[in-house]
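Reading through the structure tokens given below for one structure.
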Amino acid sequence: MSLDSKIPDGPIEQKWTKHKMDSKLINPANKRKYTVIVVGSGLAGGAAAASLSEMGYKVKCFCYQDSPRRAHSIAAQGGINAAKNYQNDGDSVYRLFYDTVKGGDFRAREANVYRLAEVSNNIIDQCAAQGVPFAREYGGLLDNRSFGGAQVSRTFYARGQTGQQLLIGCYQALEKEIAKGGVTMYPRTEMMDVVKVDGHAKGIVVRDLVTGEISSHAGDTVILATGGYSNVFFLSTNAMGCNVSAAMRAHKRGAYFANPCYTQIHPTCIPVSGDYQSKLTLMSESLRNDGRIWVPKSKEDAKAIREGKKKAIDIPEDDRDYYLERKYPSFGNLAPRDVSSRAAKEACDDGRGVASTGLGVFLDFKDAIARLGEDVIRARYGNLFQMYEKITGDDPYKTPMQIYPAVHYTMGGLWVDYNLQTSVPGLHCLGEANFSDHGANRLGASALMQGLADGYFVIPTTIGVYLAGEKPGSISTDMDQFKRAETEVKDRMNALLSVNGNRTVDSFHRELGLVMWNHCGMARTKESLEEALRLIPQIRDEFWKNVRVPGTNNSLNSELEKASRVADFLEFAETMCYDALQREESCGGHFRLEYQFTEDSPEVQAGKTQPGEAQRRDEEFAYVAAWEFNGVGQPPTLHKEDLNFESIHLAIRSYA
């Protein structure tokens, strides 16, 4: 099967406008005849469900949380990007487009990224009209702050709880449509499979998480907006319920999985403190606006801090290494996430880490407080500082935060074309669940932007491209395809319950997570990835022989939920490692130790980059890797979508 991205012709500035004009339309009376199934109710799914309902479609929206307000979008802290140029500092749609493509290390599809930048301004207008309480300047205008990978201030925010405020606005729009009868909401309901009829996605099988009932829902098209797969590492900044199951079930039904090895390590998270932890806590990237990151210059000082013999205040300024400011003077502490994360790892690997484990650096607000006053810092970041103090017991107004990189976001996801349709006709995918906009590294404050762009502005146009060719209401859950899918789901649930082994689900998840972090984490090698591909099948075999899942299938059973999701992670992890193994280059969040610039590299000697930076191989790897599922334990098949850069010149990614 060829990968047709369906990118419109013409100049990049006109592609989206042209596509909207050329796309087929469905008249308002006919929209009421179509049923759209939306899985996920975060910013992407909630925005899509509300928007499509307002347009007249009948919408069924599903989420495994008890309310759409508990979607993981609520956890986003720092802000949302838009090219409004309120600061008059040189921002534009093109600059946001350029920064995003460059930030993704030139591994994103140009047309999708430009569209994202183009609709970004509409998002802010929409959310402000909904009443989202964005921060404002003294005169009443919306305020902006900077984020990593940009030299302009384009990030709109609501203190350190931007995701929560945006989700409340989206939730209100969704609830309005629920009250009108346009959206039927199914909370505490998990999608277990996609149902295809004549090769098209026409429904889903779900499990009621309270009663255990397995049932089917038919529609004219299916939208997945189910987030990312960071929890394949077990420890991440994601909520513990975040999983890959919906995407993986779609993948097994024929949807290609694109660039799964592109995972983002966020540089500012609270360091791991013990084996007892089940998740990590993010400290917003916005803190890097005013916080300065440093470690002691000497290993002896770092060791003294780790042992409690010295404190940060005991280290004189001349003995501190503000390593991001030293290595990347143009961007300083706002270097992109992948670059900043590797720099922190490098400092800690050098023996200069300051946390008790050796894996931690300082994020210091001393200078900002002296310059601006504590009240200003408290107004900007007060809830984040409070959260840090509750978790660590340290007051960041008086002593620097300790931070270290952790898994946070996944740029890979189901392959989609320009219409956000997967390789399965009728199956669309939005937000973090698809691969389309961020390349090999996401710039900070772009996740909320993509989710709302896809939900509010893209899918309401592009879904008609598919539906216009479909006869509405022609699918029924009485069809054999639904009955067979239900039987397969029930058999899988019963198989998990019948193992009756000796190990907990979490023990397998932790074991898998360690393998993934050690062998496919911040740094990968051919040898480490081959080792992971040797170990993962062993863990999976042991899981199906020795996992213990108590309870039954016909009631509330959180262990059964977890077991089903971990089983999917155990299958997905192999695809992720195959992808990382075949991509013999370093780019963004995918860092192969074999491919980095050295002192002898001509590019380093010419002053274009520095030793240790990621070395892309554009002549061989400027493509999207889309994987086809061939069965559990079988190597997937690689399909390639070549990336053509017509508006941006491929260049060495430098932030010095």
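Chain labels follow the order of the structure tokens: the first chain is A, the next B, and so on; residue numbering restarts at 1 in every chain, and ligands are counted from 1 in their shown order.
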> Leaving out Tyr114 (chain A) and any residue of its chain fewer than 5 positions from it, which residues lie within 10 Å of it when counting only C-alpha atoms, given as a ChimeraX atom specification?
Replying inline: /A:12-16,93-98,100-101,109,119-120,437,647
Once you have the residues from the selection above, write them out as an mmCIF file, in the first residue's frame, restricted to N, CA, C and O atoms.
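Everything below was put into result-v2.cif:
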data_model
loop_
_atom_site.group_PDB
_atom_site.id
_atom_site.type_symbol
_atom_site.label_atom_id
_atom_site.label_comp_id
_atom_site.auth_asym_id
_atom_site.auth_seq_id
_atom_site.Cartn_x
_atom_site.Cartn_y
_atom_site.Cartn_z
ATOM 1 N N ILE A 12 2.887 26.933 -0.064
ATOM 2 C CA ILE A 12 2.541 26.429 1.257
ATOM 3 C C ILE A 12 1.575 27.365 1.982
ATOM 4 O O ILE A 12 0.726 26.919 2.764
ATOM 5 N N GLU A 13 1.666 28.673 1.716
ATOM 6 C CA GLU A 13 0.784 29.634 2.368
ATOM 7 C C GLU A 13 -0.667 29.494 1.904
ATOM 8 O O GLU A 13 -1.585 29.990 2.559
ATOM 9 N N GLN A 14 -0.886 28.811 0.777
ATOM 10 C CA GLN A 14 -2.232 28.702 0.207
ATOM 11 C C GLN A 14 -2.815 27.287 0.278
ATOM 12 O O GLN A 14 -3.976 27.083 -0.087
ATOM 13 N N LYS A 15 -2.019 26.332 0.751
ATOM 14 C CA LYS A 15 -2.465 24.935 0.703
ATOM 15 C C LYS A 15 -3.745 24.710 1.504
ATOM 16 O O LYS A 15 -4.681 24.059 1.027
ATOM 17 N N TRP A 16 -3.805 25.204 2.738
ATOM 18 C CA TRP A 16 -4.965 24.943 3.588
ATOM 19 C C TRP A 16 -6.206 25.643 3.035
ATOM 20 O O TRP A 16 -7.295 25.054 2.968
ATOM 21 N N VAL A 93 3.439 33.820 11.379
ATOM 22 C CA VAL A 93 3.043 32.448 11.086
ATOM 23 C C VAL A 93 4.236 31.677 10.521
ATOM 24 O O VAL A 93 4.497 30.530 10.910
ATOM 25 N N TYR A 94 4.979 32.309 9.633
ATOM 26 C CA TYR A 94 6.125 31.616 9.033
ATOM 27 C C TYR A 94 7.192 31.300 10.084
ATOM 28 O O TYR A 94 7.779 30.215 10.061
ATOM 29 N N ARG A 95 7.425 32.209 11.031
ATOM 30 C CA ARG A 95 8.454 31.949 12.045
ATOM 31 C C ARG A 95 8.034 30.805 12.969
ATOM 32 O O ARG A 95 8.857 29.974 13.350
ATOM 33 N N LEU A 96 6.761 30.763 13.324
ATOM 34 C CA LEU A 96 6.274 29.646 14.147
ATOM 35 C C LEU A 96 6.408 28.343 13.371
ATOM 36 O O LEU A 96 6.817 27.306 13.918
ATOM 37 N N PHE A 97 6.068 28.371 12.107
ATOM 38 C CA PHE A 97 6.243 27.215 11.224
ATOM 39 C C PHE A 97 7.708 26.796 11.177
ATOM 40 O O PHE A 97 8.048 25.610 11.365
ATOM 41 N N TYR A 98 8.596 27.750 10.963
ATOM 42 C CA TYR A 98 10.023 27.444 10.866
ATOM 43 C C TYR A 98 10.557 26.879 12.182
ATOM 44 O O TYR A 98 11.268 25.870 12.197
ATOM 45 N N THR A 100 9.012 25.314 14.454
ATOM 46 C CA THR A 100 8.469 23.987 14.723
ATOM 47 C C THR A 100 9.156 22.923 13.881
ATOM 48 O O THR A 100 9.487 21.840 14.378
ATOM 49 N N VAL A 101 9.381 23.223 12.605
ATOM 50 C CA VAL A 101 10.081 22.268 11.741
ATOM 51 C C VAL A 101 11.523 22.092 12.203
ATOM 52 O O VAL A 101 12.032 20.965 12.308
ATOM 53 N N ARG A 109 6.254 16.811 8.489
ATOM 54 C CA ARG A 109 5.689 17.118 7.176
ATOM 55 C C ARG A 109 5.389 18.617 7.100
ATOM 56 O O ARG A 109 4.593 19.138 7.878
ATOM 57 N N VAL A 119 -3.448 28.171 11.860
ATOM 58 C CA VAL A 119 -4.690 28.206 12.640
ATOM 59 C C VAL A 119 -4.441 28.531 14.112
ATOM 60 O O VAL A 119 -5.395 28.676 14.884
ATOM 61 N N SER A 120 -3.171 28.674 14.494
ATOM 62 C CA SER A 120 -2.865 28.909 15.909
ATOM 63 C C SER A 120 -3.546 30.169 16.440
ATOM 64 O O SER A 120 -4.029 30.197 17.582
ATOM 65 N N ASP A 437 2.758 16.460 13.376
ATOM 66 C CA ASP A 437 3.197 17.861 13.408
ATOM 67 C C ASP A 437 4.553 18.137 14.064
ATOM 68 O O ASP A 437 5.097 19.218 13.874
ATOM 69 N N SER A 647 9.915 24.705 1.410
ATOM 70 C CA SER A 647 9.854 26.062 1.968
ATOM 71 C C SER A 647 10.975 26.335 2.959
ATOM 72 O O SER A 647 11.284 27.486 3.242
#
>> DSSP on the backbone: which residues in region 182-347 of chain A end up as helix (DSSP H, G or I)? Give the answer as number ranges by chain.
In response: A: 230-233, 245-252, 285-289, 299-306, 312-314, 317-319, 323-327, 332-334, 337-347
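With only C-alpha atoms taken into account, the protein and nucleic acid residues at most 10 Å from Tyr323 (chain A) (excluding it and anything under 4 positions from it in its own chain) are Arg292, Ile293, Trp294, Val295, Pro296, Lys297, Lys327, Tyr328, Pro329, Gly332, Asn333, Ser340, Ala343, Ala344 and Ala347 of chain A.
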Written selection (C-alpha atoms) as an mmCIF file, in the first residue's frame:
data_model
loop_
_atom_site.group_PDB
_atom_site.id
_atom_site.type_symbol
_atom_site.label_atom_id
_atom_site.label_comp_id
_atom_site.auth_asym_id
_atom_site.auth_seq_id
_atom_site.Cartn_x
_atom_site.Cartn_y
_atom_site.Cartn_z
ATOM 1 C CA ARG A 292 18.842 29.390 35.561
ATOM 2 C CA ILE A 293 20.086 25.813 35.249
ATOM 3 C CA TRP A 294 23.458 24.910 36.701
ATOM 4 C CA VAL A 295 25.664 22.303 38.339
ATOM 5 C CA PRO A 296 28.938 22.759 40.233
ATOM 6 C CA LYS A 297 32.024 22.971 38.050
ATOM 7 C CA LYS A 327 26.923 25.877 25.329
ATOM 8 C CA TYR A 328 23.976 27.625 23.671
ATOM 9 C CA PRO A 329 24.390 31.372 24.232
ATOM 10 C CA GLY A 332 20.543 29.815 26.887
ATOM 11 C CA ASN A 333 18.159 28.189 29.326
ATOM 12 C CA SER A 340 18.545 20.576 27.190
ATOM 13 C CA ALA A 343 23.024 18.447 28.321
ATOM 14 C CA ALA A 344 21.673 17.593 31.789
ATOM 15 C CA ALA A 347 26.596 16.901 33.283
#
> Contacts of His266 (chain A) at 7 Å or less, counting only C-alpha atoms, minus same-chain residues fewer than 4 places along, as a PyMOL selection string?
Replying inline: chain A and resi 337+341+405-408
Please produce an output containing N, CA, C and O atoms for each residue in the selection, written as a compact mmCIF listing (two decimals), in the first residue's frame.
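The result, written out as part-v4.txt:
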# COMPACT_ATOMS: atom_id res chain seq x y z
N ARG A 337 13.94 21.10 24.18
CA ARG A 337 13.87 20.07 25.21
C ARG A 337 14.88 18.94 25.00
O ARG A 337 15.52 18.48 25.95
N SER A 341 17.83 18.30 27.62
CA SER A 341 17.83 17.03 28.35
C SER A 341 19.17 16.32 28.21
O SER A 341 19.72 15.80 29.19
N PRO A 405 15.78 15.20 33.53
CA PRO A 405 14.90 14.82 32.42
C PRO A 405 14.08 13.56 32.71
O PRO A 405 14.52 12.65 33.40
N ALA A 406 12.88 13.53 32.14
CA ALA A 406 12.00 12.37 32.25
C ALA A 406 11.11 12.28 31.01
O ALA A 406 10.88 13.28 30.32
N VAL A 407 10.62 11.09 30.74
CA VAL A 407 9.74 10.88 29.58
C VAL A 407 8.46 11.68 29.76
O VAL A 407 7.83 11.64 30.82
N HIS A 408 8.06 12.39 28.70
CA HIS A 408 6.94 13.33 28.84
C HIS A 408 5.93 13.26 27.71
O HIS A 408 4.73 13.37 27.94
>> Show me, as a PyMOL selection string, the residues that have an atom within 10 Å of Ile7 (chain A) when counting only C-alpha atoms, minus same-chain residues fewer than 6 positions from it.
In response: chain A and resi 15-16+19+109-112+417-419
Once you have the residues from the selection above, write them out as a PDB file, in the first residue's frame, restricted to C-alpha atoms.
ATOM      1  CA  LYS A  15      -2.465  24.935   0.703  1.00  0.00           C
ATOM      2  CA  TRP A  16      -4.965  24.943   3.588  1.00  0.00           C
ATOM      3  CA  HIS A  19      -7.853  22.468   0.376  1.00  0.00           C
ATOM      4  CA  ARG A 109       5.689  17.118   7.176  1.00  0.00           C
ATOM      5  CA  GLU A 110       5.923  20.767   6.078  1.00  0.00           C
ATOM      6  CA  ALA A 111       2.303  21.181   4.966  1.00  0.00           C
ATOM      7  CA  ASN A 112       0.828  19.959   8.252  1.00  0.00           C
ATOM      8  CA  ASP A 417      -2.617  12.047   5.805  1.00  0.00           C
ATOM      9  CA  TYR A 418      -3.371  15.756   5.413  1.00  0.00           C
ATOM     10  CA  ASN A 419      -7.018  15.022   6.244  1.00  0.00           C
TER      11      ASN A 419
END
Give me the region 279-331 of chain A side of the contact with region 129-151 of chain A, cut-off 12 Å, one line per residue showing its nearest atom pair and distance in Å at one decimal, counting only C-alpha atoms, sorted by chain and residue number, as a tab-separated table.
residue	atom	partner	partner_atom	distance
A:Ser284	CA	A:Phe147	CA	10.0
A:Glu285	CA	A:Phe147	CA	6.8
A:Ser286	CA	A:Phe147	CA	6.2
A:Leu287	CA	A:Phe147	CA	9.1
A:Arg288	CA	A:Phe147	CA	7.7
A:Asn289	CA	A:Ser146	CA	6.4
A:Asp290	CA	A:Ser146	CA	9.9
A:Leu324	CA	A:Gly148	CA	11.7
A:Tyr328	CA	A:Gly149	CA	11.0
A:Pro329	CA	A:Gln151	CA	11.6
A:Ser330	CA	A:Gln151	CA	8.3
A:Phe331	CA	A:Gln151	CA	6.9
Would you mind exporting the chosen residues as a tab-separated table (two decimals), in the first residue's frame, restricted to C-alpha atoms?
chain	number	residue	atom	x	y	z
A	284	SER	CA	6.71	23.39	33.60
A	285	GLU	CA	9.14	24.49	30.92
A	286	SER	CA	7.89	28.02	31.57
A	287	LEU	CA	10.11	27.99	34.66
A	288	ARG	CA	13.10	28.22	32.33
A	289	ASN	CA	12.07	31.77	31.49
A	290	ASP	CA	13.31	32.97	34.87
A	324	LEU	CA	23.07	25.78	28.81
A	328	TYR	CA	23.98	27.63	23.67
A	329	PRO	CA	24.39	31.37	24.23
A	330	SER	CA	21.73	32.38	21.67
A	331	PHE	CA	19.01	30.42	23.46
>> What does the structure give for the distance between CA of Asp66 (chain A) and CA of Glu175 (chain A), in Å to one decimal?
In response: 14.1 Å
Using only C-alpha atoms, find each residue in region 444-525 of chain A having at least one atom no more than 12 Å away from region 240-250 of chain A; report its shortest atom-to-atom pair and that distance in Å (one decimal), rows by chain then rising number, as CSV.
residue,atom,partner,partner_atom,distance
A:Ala485,CA,A:Arg249,CA,11.2
A:Glu488,CA,A:Arg249,CA,11.8
A:Val489,CA,A:Arg249,CA,10.6
A:Asp506,CA,A:Met240,CA,11.0
A:His509,CA,A:Met240,CA,11.3
